[in-house]
>>> print(open('coords17.txt').read())   # compact mmCIF, N, CA and C atoms
# COMPACT_ATOMS: atom_id res chain seq x y z
N MET A 1 -1.24 19.12 -3.40
CA MET A 1 -1.70 17.76 -3.19
C MET A 1 -1.47 17.37 -1.74
N THR A 2 -2.43 16.74 -1.14
CA THR A 2 -2.27 16.28 0.23
C THR A 2 -1.78 14.85 0.23
N GLY A 3 -1.06 14.50 1.26
CA GLY A 3 -0.54 13.15 1.37
C GLY A 3 -1.32 12.35 2.38
N PRO A 4 -1.00 11.08 2.55
CA PRO A 4 -1.75 10.21 3.43
C PRO A 4 -1.58 10.57 4.90
N PHE A 5 -0.60 11.39 5.20
CA PHE A 5 -0.32 11.70 6.59
C PHE A 5 -0.73 13.12 6.94
N ASP A 6 -1.52 13.77 6.07
CA ASP A 6 -2.03 15.10 6.33
C ASP A 6 -3.36 15.06 7.07
N ALA A 7 -3.88 13.87 7.30
CA ALA A 7 -5.17 13.70 7.98
C ALA A 7 -4.99 14.01 9.46
N PRO A 8 -6.09 14.26 10.18
CA PRO A 8 -5.99 14.48 11.62
C PRO A 8 -5.32 13.29 12.30
N PRO A 9 -4.64 13.54 13.41
CA PRO A 9 -3.95 12.44 14.10
C PRO A 9 -4.90 11.31 14.46
N SER A 10 -4.39 10.10 14.36
CA SER A 10 -5.14 8.89 14.69
C SER A 10 -4.39 8.21 15.83
N PRO A 11 -5.10 7.47 16.69
CA PRO A 11 -4.38 6.78 17.76
C PRO A 11 -3.41 5.73 17.24
N ALA A 12 -3.67 5.20 16.07
CA ALA A 12 -2.78 4.20 15.47
C ALA A 12 -1.88 4.89 14.45
N PRO A 13 -0.65 4.42 14.29
CA PRO A 13 0.22 5.02 13.27
C PRO A 13 -0.34 4.75 11.87
N PRO A 14 0.05 5.56 10.90
CA PRO A 14 -0.40 5.31 9.53
C PRO A 14 -0.03 3.90 9.09
N LEU A 15 -0.92 3.31 8.29
CA LEU A 15 -0.73 1.96 7.77
C LEU A 15 -0.22 2.05 6.34
N VAL A 16 0.92 1.44 6.08
CA VAL A 16 1.51 1.40 4.74
C VAL A 16 1.43 -0.05 4.27
N ILE A 17 0.66 -0.28 3.21
CA ILE A 17 0.48 -1.62 2.66
C ILE A 17 1.24 -1.69 1.34
N VAL A 18 2.19 -2.59 1.25
CA VAL A 18 3.04 -2.70 0.07
C VAL A 18 2.66 -3.93 -0.73
N ASP A 19 2.34 -3.71 -2.00
CA ASP A 19 2.03 -4.78 -2.94
C ASP A 19 3.35 -5.41 -3.37
N GLY A 20 3.75 -6.46 -2.65
CA GLY A 20 5.06 -7.05 -2.87
C GLY A 20 5.33 -7.47 -4.30
N ALA A 21 4.39 -8.18 -4.91
CA ALA A 21 4.60 -8.66 -6.28
C ALA A 21 4.76 -7.49 -7.25
N ASN A 22 3.97 -6.47 -7.08
CA ASN A 22 4.01 -5.33 -8.00
C ASN A 22 5.29 -4.53 -7.82
N VAL A 23 5.67 -4.28 -6.57
CA VAL A 23 6.88 -3.50 -6.32
C VAL A 23 8.12 -4.26 -6.76
N VAL A 24 8.22 -5.54 -6.40
CA VAL A 24 9.36 -6.36 -6.82
C VAL A 24 9.43 -6.43 -8.34
N GLY A 25 8.27 -6.59 -8.98
CA GLY A 25 8.22 -6.71 -10.43
C GLY A 25 8.46 -5.42 -11.19
N SER A 26 8.60 -4.31 -10.48
CA SER A 26 8.79 -3.02 -11.16
C SER A 26 10.22 -2.80 -11.64
N ARG A 27 11.13 -3.68 -11.22
CA ARG A 27 12.53 -3.56 -11.64
C ARG A 27 13.00 -4.89 -12.23
N PRO A 28 13.54 -4.86 -13.43
CA PRO A 28 14.02 -6.10 -14.05
C PRO A 28 15.40 -6.50 -13.53
N ASP A 29 15.43 -6.99 -12.28
CA ASP A 29 16.72 -7.32 -11.67
C ASP A 29 16.89 -8.83 -11.46
N GLY A 30 16.09 -9.63 -12.16
CA GLY A 30 16.19 -11.08 -12.03
C GLY A 30 15.30 -11.65 -10.94
N TRP A 31 14.38 -10.86 -10.42
CA TRP A 31 13.50 -11.29 -9.33
C TRP A 31 12.76 -12.58 -9.65
N TRP A 32 12.47 -12.80 -10.92
CA TRP A 32 11.68 -13.98 -11.32
C TRP A 32 12.42 -15.29 -11.09
N LYS A 33 13.73 -15.23 -10.92
CA LYS A 33 14.51 -16.44 -10.65
C LYS A 33 14.36 -16.91 -9.21
N ASP A 34 14.05 -15.98 -8.31
CA ASP A 34 13.90 -16.29 -6.89
C ASP A 34 12.91 -15.31 -6.28
N ARG A 35 11.63 -15.59 -6.46
CA ARG A 35 10.59 -14.66 -6.00
C ARG A 35 10.60 -14.49 -4.48
N GLN A 36 10.81 -15.58 -3.76
CA GLN A 36 10.84 -15.46 -2.31
C GLN A 36 12.05 -14.62 -1.86
N GLY A 37 13.19 -14.84 -2.47
CA GLY A 37 14.38 -14.05 -2.13
C GLY A 37 14.18 -12.57 -2.46
N ALA A 38 13.53 -12.29 -3.57
CA ALA A 38 13.26 -10.90 -3.94
C ALA A 38 12.32 -10.24 -2.91
N ALA A 39 11.32 -10.98 -2.46
CA ALA A 39 10.40 -10.45 -1.45
C ALA A 39 11.12 -10.23 -0.12
N GLU A 40 12.04 -11.12 0.22
CA GLU A 40 12.82 -10.95 1.44
C GLU A 40 13.72 -9.73 1.37
N ARG A 41 14.30 -9.47 0.20
CA ARG A 41 15.13 -8.27 0.03
C ARG A 41 14.28 -7.00 0.18
N LEU A 42 13.08 -7.01 -0.39
CA LEU A 42 12.19 -5.86 -0.23
C LEU A 42 11.81 -5.69 1.23
N ARG A 43 11.45 -6.78 1.89
CA ARG A 43 11.10 -6.73 3.32
C ARG A 43 12.24 -6.12 4.13
N ASP A 44 13.46 -6.57 3.87
CA ASP A 44 14.61 -6.08 4.63
C ASP A 44 14.87 -4.60 4.35
N ARG A 45 14.66 -4.19 3.12
CA ARG A 45 14.82 -2.77 2.78
C ARG A 45 13.79 -1.94 3.53
N LEU A 46 12.55 -2.40 3.54
CA LEU A 46 11.50 -1.69 4.27
C LEU A 46 11.79 -1.64 5.76
N ALA A 47 12.28 -2.74 6.32
CA ALA A 47 12.59 -2.78 7.75
C ALA A 47 13.72 -1.82 8.08
N GLY A 48 14.68 -1.69 7.17
CA GLY A 48 15.82 -0.83 7.42
C GLY A 48 15.55 0.65 7.18
N GLU A 49 14.72 0.94 6.18
CA GLU A 49 14.50 2.33 5.79
C GLU A 49 13.14 2.87 6.18
N GLY A 50 12.20 2.01 6.53
CA GLY A 50 10.84 2.49 6.81
C GLY A 50 10.24 3.09 5.56
N LEU A 51 9.50 4.16 5.72
CA LEU A 51 8.91 4.86 4.59
C LEU A 51 9.76 6.09 4.33
N PRO A 52 10.57 6.07 3.27
CA PRO A 52 11.44 7.22 2.98
C PRO A 52 10.64 8.52 2.93
N GLY A 53 11.19 9.54 3.57
CA GLY A 53 10.55 10.85 3.57
C GLY A 53 9.53 11.03 4.67
N HIS A 54 9.29 9.99 5.47
CA HIS A 54 8.34 10.10 6.58
C HIS A 54 9.05 9.65 7.85
N PRO A 55 9.47 10.61 8.68
CA PRO A 55 10.25 10.26 9.86
C PRO A 55 9.45 9.62 11.00
N GLY A 56 8.15 9.80 11.01
CA GLY A 56 7.34 9.29 12.11
C GLY A 56 7.13 7.80 12.02
N PRO A 57 6.55 7.25 13.07
CA PRO A 57 6.27 5.81 13.06
C PRO A 57 5.16 5.47 12.06
N VAL A 58 5.33 4.34 11.41
CA VAL A 58 4.32 3.80 10.50
C VAL A 58 4.26 2.30 10.74
N GLU A 59 3.12 1.72 10.40
CA GLU A 59 3.00 0.27 10.42
C GLU A 59 3.10 -0.19 8.99
N ILE A 60 4.09 -1.01 8.68
CA ILE A 60 4.30 -1.49 7.31
C ILE A 60 3.86 -2.94 7.21
N VAL A 61 3.01 -3.20 6.21
CA VAL A 61 2.56 -4.56 5.92
C VAL A 61 2.96 -4.86 4.47
N LEU A 62 3.74 -5.89 4.29
CA LEU A 62 4.15 -6.34 2.96
C LEU A 62 3.28 -7.54 2.60
N VAL A 63 2.52 -7.43 1.53
CA VAL A 63 1.65 -8.52 1.09
C VAL A 63 2.36 -9.28 -0.02
N VAL A 64 2.51 -10.59 0.19
CA VAL A 64 3.16 -11.46 -0.80
C VAL A 64 2.17 -12.52 -1.24
N GLU A 65 2.44 -13.08 -2.40
CA GLU A 65 1.55 -14.10 -2.97
C GLU A 65 2.37 -15.09 -3.78
N GLY A 66 1.73 -16.16 -4.19
CA GLY A 66 2.37 -17.13 -5.08
C GLY A 66 3.65 -17.69 -4.50
N ALA A 67 4.70 -17.73 -5.33
CA ALA A 67 5.98 -18.32 -4.94
C ALA A 67 6.68 -17.57 -3.81
N ALA A 68 6.23 -16.36 -3.51
CA ALA A 68 6.83 -15.59 -2.43
C ALA A 68 6.18 -15.86 -1.08
N ARG A 69 5.12 -16.66 -1.06
CA ARG A 69 4.49 -17.00 0.23
C ARG A 69 5.51 -17.65 1.15
N GLY A 70 5.35 -17.41 2.41
CA GLY A 70 6.25 -18.02 3.38
C GLY A 70 7.35 -17.10 3.84
N VAL A 71 7.43 -15.89 3.31
CA VAL A 71 8.40 -14.92 3.80
C VAL A 71 7.98 -14.52 5.21
N ALA A 72 8.91 -14.55 6.13
CA ALA A 72 8.61 -14.27 7.53
C ALA A 72 8.59 -12.77 7.82
N SER A 73 7.81 -12.40 8.82
CA SER A 73 7.82 -11.02 9.31
C SER A 73 9.12 -10.76 10.06
N VAL A 74 9.52 -9.50 10.13
CA VAL A 74 10.68 -9.07 10.90
C VAL A 74 10.27 -7.82 11.66
N PRO A 75 11.02 -7.43 12.67
CA PRO A 75 10.68 -6.19 13.37
C PRO A 75 10.57 -5.03 12.37
N GLY A 76 9.46 -4.34 12.41
CA GLY A 76 9.23 -3.20 11.53
C GLY A 76 8.42 -3.51 10.29
N VAL A 77 8.30 -4.79 9.93
CA VAL A 77 7.52 -5.17 8.74
C VAL A 77 6.76 -6.46 9.02
N ARG A 78 5.43 -6.35 8.97
CA ARG A 78 4.59 -7.55 9.07
C ARG A 78 4.37 -8.06 7.65
N VAL A 79 4.62 -9.33 7.43
CA VAL A 79 4.42 -9.93 6.11
C VAL A 79 3.13 -10.74 6.14
N GLU A 80 2.27 -10.47 5.18
CA GLU A 80 1.01 -11.19 5.02
C GLU A 80 1.11 -12.03 3.75
N SER A 81 1.01 -13.34 3.89
CA SER A 81 0.98 -14.23 2.73
C SER A 81 -0.47 -14.37 2.30
N ALA A 82 -0.80 -13.83 1.14
CA ALA A 82 -2.18 -13.88 0.65
C ALA A 82 -2.53 -15.32 0.29
N PRO A 83 -3.66 -15.81 0.80
CA PRO A 83 -4.06 -17.18 0.47
C PRO A 83 -4.48 -17.32 -0.99
N GLY A 84 -4.90 -16.23 -1.59
CA GLY A 84 -5.32 -16.21 -2.99
C GLY A 84 -4.68 -15.00 -3.65
N SER A 85 -5.52 -14.11 -4.12
CA SER A 85 -5.05 -12.89 -4.79
C SER A 85 -4.43 -11.92 -3.79
N GLY A 86 -3.23 -11.47 -4.09
CA GLY A 86 -2.60 -10.45 -3.27
C GLY A 86 -3.40 -9.16 -3.27
N ASP A 87 -3.96 -8.81 -4.44
CA ASP A 87 -4.77 -7.60 -4.53
C ASP A 87 -5.98 -7.67 -3.60
N ASP A 88 -6.63 -8.83 -3.55
CA ASP A 88 -7.79 -8.96 -2.67
C ASP A 88 -7.39 -8.81 -1.21
N ARG A 89 -6.24 -9.35 -0.83
CA ARG A 89 -5.78 -9.23 0.56
C ARG A 89 -5.45 -7.77 0.88
N ILE A 90 -4.86 -7.06 -0.06
CA ILE A 90 -4.55 -5.64 0.14
C ILE A 90 -5.83 -4.84 0.36
N VAL A 91 -6.85 -5.12 -0.45
CA VAL A 91 -8.13 -4.43 -0.30
C VAL A 91 -8.73 -4.75 1.08
N GLU A 92 -8.66 -6.00 1.52
CA GLU A 92 -9.16 -6.37 2.84
C GLU A 92 -8.45 -5.60 3.95
N LEU A 93 -7.14 -5.49 3.84
CA LEU A 93 -6.37 -4.76 4.85
C LEU A 93 -6.75 -3.28 4.86
N ALA A 94 -6.88 -2.69 3.68
CA ALA A 94 -7.25 -1.27 3.59
C ALA A 94 -8.66 -1.05 4.13
N ALA A 95 -9.56 -1.96 3.82
CA ALA A 95 -10.95 -1.84 4.28
C ALA A 95 -11.06 -2.04 5.80
N GLY A 96 -10.16 -2.80 6.37
CA GLY A 96 -10.20 -3.11 7.79
C GLY A 96 -9.66 -2.02 8.69
N SER A 97 -9.26 -0.90 8.13
CA SER A 97 -8.70 0.19 8.93
C SER A 97 -9.32 1.53 8.59
N PRO A 98 -10.66 1.63 8.59
CA PRO A 98 -11.28 2.91 8.25
C PRO A 98 -10.94 3.97 9.30
N GLY A 99 -10.81 5.20 8.86
CA GLY A 99 -10.51 6.29 9.77
C GLY A 99 -9.04 6.42 10.11
N ARG A 100 -8.25 5.51 9.63
CA ARG A 100 -6.80 5.53 9.88
C ARG A 100 -6.12 5.91 8.58
N PRO A 101 -5.10 6.74 8.61
CA PRO A 101 -4.37 7.02 7.36
C PRO A 101 -3.79 5.73 6.79
N ARG A 102 -4.05 5.51 5.49
CA ARG A 102 -3.56 4.31 4.81
C ARG A 102 -2.93 4.70 3.49
N LEU A 103 -1.79 4.09 3.22
CA LEU A 103 -1.09 4.30 1.96
C LEU A 103 -0.83 2.93 1.35
N VAL A 104 -1.28 2.73 0.12
CA VAL A 104 -1.03 1.48 -0.59
C VAL A 104 0.01 1.77 -1.67
N VAL A 105 1.09 1.01 -1.63
CA VAL A 105 2.19 1.18 -2.58
C VAL A 105 2.04 0.14 -3.67
N THR A 106 1.68 0.60 -4.87
CA THR A 106 1.48 -0.27 -6.03
C THR A 106 1.40 0.59 -7.28
N ALA A 107 1.66 -0.03 -8.42
CA ALA A 107 1.45 0.64 -9.70
C ALA A 107 0.24 0.05 -10.42
N ASP A 108 -0.39 -0.94 -9.82
CA ASP A 108 -1.52 -1.64 -10.42
C ASP A 108 -2.74 -0.71 -10.46
N ARG A 109 -3.18 -0.35 -11.65
CA ARG A 109 -4.28 0.62 -11.79
C ARG A 109 -5.57 0.16 -11.16
N GLU A 110 -5.94 -1.08 -11.37
CA GLU A 110 -7.19 -1.58 -10.82
C GLU A 110 -7.13 -1.62 -9.29
N LEU A 111 -6.02 -2.04 -8.75
CA LEU A 111 -5.87 -2.06 -7.29
C LEU A 111 -5.92 -0.63 -6.75
N ARG A 112 -5.27 0.29 -7.43
CA ARG A 112 -5.31 1.70 -6.99
C ARG A 112 -6.75 2.20 -6.95
N ARG A 113 -7.52 1.85 -7.95
CA ARG A 113 -8.93 2.28 -7.98
C ARG A 113 -9.68 1.69 -6.79
N ARG A 114 -9.48 0.41 -6.55
CA ARG A 114 -10.21 -0.27 -5.48
C ARG A 114 -9.91 0.32 -4.11
N VAL A 115 -8.65 0.62 -3.83
CA VAL A 115 -8.31 1.12 -2.49
C VAL A 115 -8.62 2.60 -2.31
N THR A 116 -8.55 3.38 -3.40
CA THR A 116 -8.92 4.79 -3.25
C THR A 116 -10.41 4.92 -2.98
N GLU A 117 -11.22 3.99 -3.48
CA GLU A 117 -12.65 3.99 -3.16
C GLU A 117 -12.89 3.76 -1.67
N LEU A 118 -11.90 3.18 -1.00
CA LEU A 118 -11.99 2.94 0.45
C LEU A 118 -11.39 4.09 1.26
N GLY A 119 -10.89 5.11 0.56
CA GLY A 119 -10.30 6.25 1.25
C GLY A 119 -8.81 6.18 1.45
N ALA A 120 -8.16 5.15 0.91
CA ALA A 120 -6.70 5.04 1.04
C ALA A 120 -6.02 5.93 -0.01
N GLN A 121 -4.83 6.35 0.31
CA GLN A 121 -3.98 7.04 -0.64
C GLN A 121 -3.15 5.98 -1.38
N VAL A 122 -2.62 6.33 -2.53
CA VAL A 122 -1.78 5.40 -3.27
C VAL A 122 -0.49 6.09 -3.70
N ALA A 123 0.54 5.27 -3.87
CA ALA A 123 1.83 5.75 -4.34
C ALA A 123 2.47 4.63 -5.14
N GLY A 124 3.36 4.99 -6.04
CA GLY A 124 4.04 4.01 -6.88
C GLY A 124 5.22 3.38 -6.19
N PRO A 125 5.79 2.34 -6.81
CA PRO A 125 6.92 1.61 -6.24
C PRO A 125 8.12 2.48 -5.88
N ARG A 126 8.34 3.57 -6.60
CA ARG A 126 9.49 4.43 -6.28
C ARG A 126 9.43 5.01 -4.88
N THR A 127 8.22 5.05 -4.32
CA THR A 127 8.05 5.55 -2.96
C THR A 127 8.90 4.75 -1.97
N VAL A 128 9.03 3.46 -2.19
CA VAL A 128 9.82 2.64 -1.28
C VAL A 128 11.15 2.18 -1.88
N LEU A 129 11.30 2.30 -3.19
CA LEU A 129 12.53 1.85 -3.84
C LEU A 129 13.51 2.99 -4.10
N GLY A 130 13.01 4.21 -4.06
CA GLY A 130 13.87 5.36 -4.34
C GLY A 130 14.04 5.64 -5.79
>>> encode(input="coords17.txt", output="structure tokens")
Amino acid sequence: MTGPFDAPPSPAPPLVIVDGANVVGSRPDGWWKDRQGAAERLRDRLAGEGLPGHPGPVEIVLVVEGAARGVASVPGVRVESAPGSGDDRIVELAAGSPGRPRLVVTADRELRRRVTELGAQVAGPRTVLG
């Protein structure tokens, strides 16, 4: 199996788009009590660890929606607050970077289908949560 970073080199680093709601919701750790706080913890983990197993530079975008809107970007992680559907914003981001390696982190089957049609690779939440 080839990974998202097996493609020919691109002038831009690989783009990793994280479905914040889906990744946060993959673990029953009480995230529903404080959605914004849960998104901030995920953002901080991504900023600290990057993409586990990939030592090179990557651009990480965390997409948040609903009650998690308003989470600020930090060095290493750009946070995008989706004005509507987080899935639609993720698709827009993936579509806006053709020819660049893209990895979308989500377990959402429909979202996975939509972004793979655009040439993006997909991975589940464990990719960033361990």
>>> residues_around(input="coords17.txt", residues="A:Val74", least_positions_apart="3", cutoff="10 Å", atoms="only C-alpha atoms", output="PyMOL selection string")
chain A and resi 40+43-44+46-47+71+77-79
>>> atom_distance(input="coords17.txt", atom1="atom CA of A:Ala120", atom2="atom C of A:Val104")
7.9 Å
>>> residues_near_point(input="coords17.txt", point="(7.6, -3.8, -7.7)", cutoff="8 Å", atoms="all atoms listed in the file", output="list in words")
Asp19, Gly20, Ala21, Asn22, Val23, Val24, Gly25, Ser26, Arg27, Val105, Thr106, Ala107, Gly124, Pro125 and Arg126 of chain A
>>> closest_residue(input="coords17.txt", among="A:Pro75, A:Gly70, A:Gly130, A:Pro14", to="A:Leu103", atoms="only N, CA and C atoms")
A:Pro14
>>> select_by_dssp(input="coords17.txt", residues="stretch 48-97 of chain A", states="strand (DSSP E or B)", output="PyMOL selection string")
chain A and resi 59-64+74+77-81
>>> atom_distance(input="coords17.txt", atom1="atom N of A:Ala94", atom2="atom C of A:Gly119")
9.3 Å
>>> select_by_dssp(input="coords17.txt", residues="chain A", states="helix (DSSP H, G or I)", output="number ranges by chain")
A: 20-24, 31-33, 35-49, 66-68, 86-95, 109-116, 126-129
>>> closest_residue(input="coords17.txt", among="A:Ala38, A:Ala12, A:Ile17, A:Val115", to="A:Arg69", atoms="only C-alpha atoms")
A:Ala38
>>> atom_distance(input="coords17.txt", atom1="atom CA of A:Arg109", atom2="atom N of A:Pro57")
27.9 Å
>>> closest_residue(input="coords17.txt", among="A:Asp34, A:Glu110, A:Glu117, A:Asp87", to="A:Glu65", atoms="only C-alpha atoms")
A:Asp87
>>> closest_residue(input="coords17.txt", among="A:Val18, A:Leu62, A:Gly96, A:Pro13", to="A:Asp108", atoms="only C-alpha atoms")
A:Val18
>>> residues_around(input="coords17.txt", residues="A:Leu15", least_positions_apart="3", cutoff="6 Å", atoms="all atoms listed in the file", output="list in words")
Val58, Glu59, Ile60, Arg100, Pro101, Arg102 and Leu103 of chain A
>>> closest_residue(input="coords17.txt", among="A:Gly30, A:Gly53, A:Pro83, A:Pro11", to="A:Gly99", atoms="only C-alpha atoms")
A:Pro11
>>> closest_residue(input="coords17.txt", among="A:Arg89, A:Arg35, A:His54, A:Arg113", to="A:Gly66", atoms="all atoms listed in the file")
A:Arg35
>>> build_atoms(input="coords17.txt", residues="stretch 101-113 of chain A", atoms="N, CA, C and O atoms", output="compact mmCIF listing (two decimals), in the coordinates of the input")
# COMPACT_ATOMS: atom_id res chain seq x y z
N PRO A 101 -5.10 6.74 8.61
CA PRO A 101 -4.37 7.02 7.36
C PRO A 101 -3.79 5.73 6.79
O PRO A 101 -3.17 4.95 7.50
N ARG A 102 -4.05 5.51 5.49
CA ARG A 102 -3.56 4.31 4.81
C ARG A 102 -2.93 4.70 3.49
O ARG A 102 -3.47 5.51 2.75
N LEU A 103 -1.79 4.09 3.22
CA LEU A 103 -1.09 4.30 1.96
C LEU A 103 -0.83 2.93 1.35
O LEU A 103 -0.24 2.07 2.00
N VAL A 104 -1.28 2.73 0.12
CA VAL A 104 -1.03 1.48 -0.59
C VAL A 104 0.01 1.77 -1.67
O VAL A 104 -0.16 2.66 -2.49
N VAL A 105 1.09 1.01 -1.63
CA VAL A 105 2.19 1.18 -2.58
C VAL A 105 2.04 0.14 -3.67
O VAL A 105 2.24 -1.06 -3.44
N THR A 106 1.68 0.60 -4.87
CA THR A 106 1.48 -0.27 -6.03
C THR A 106 1.40 0.59 -7.28
O THR A 106 1.06 1.77 -7.21
N ALA A 107 1.66 -0.03 -8.42
CA ALA A 107 1.45 0.64 -9.70
C ALA A 107 0.24 0.05 -10.42
O ALA A 107 -0.12 0.50 -11.51
N ASP A 108 -0.39 -0.94 -9.82
CA ASP A 108 -1.52 -1.64 -10.42
C ASP A 108 -2.74 -0.71 -10.46
O ASP A 108 -3.27 -0.34 -9.41
N ARG A 109 -3.18 -0.35 -11.65
CA ARG A 109 -4.28 0.62 -11.79
C ARG A 109 -5.57 0.16 -11.16
O ARG A 109 -6.27 0.94 -10.51
N GLU A 110 -5.94 -1.08 -11.37
CA GLU A 110 -7.19 -1.58 -10.82
C GLU A 110 -7.13 -1.62 -9.29
O GLU A 110 -8.09 -1.25 -8.61
N LEU A 111 -6.02 -2.04 -8.75
CA LEU A 111 -5.87 -2.06 -7.29
C LEU A 111 -5.92 -0.63 -6.75
O LEU A 111 -6.55 -0.37 -5.72
N ARG A 112 -5.27 0.29 -7.43
CA ARG A 112 -5.31 1.70 -6.99
C ARG A 112 -6.75 2.20 -6.95
O ARG A 112 -7.15 2.86 -6.00
N ARG A 113 -7.52 1.85 -7.95
CA ARG A 113 -8.93 2.28 -7.98
C ARG A 113 -9.68 1.69 -6.79
O ARG A 113 -10.42 2.39 -6.09
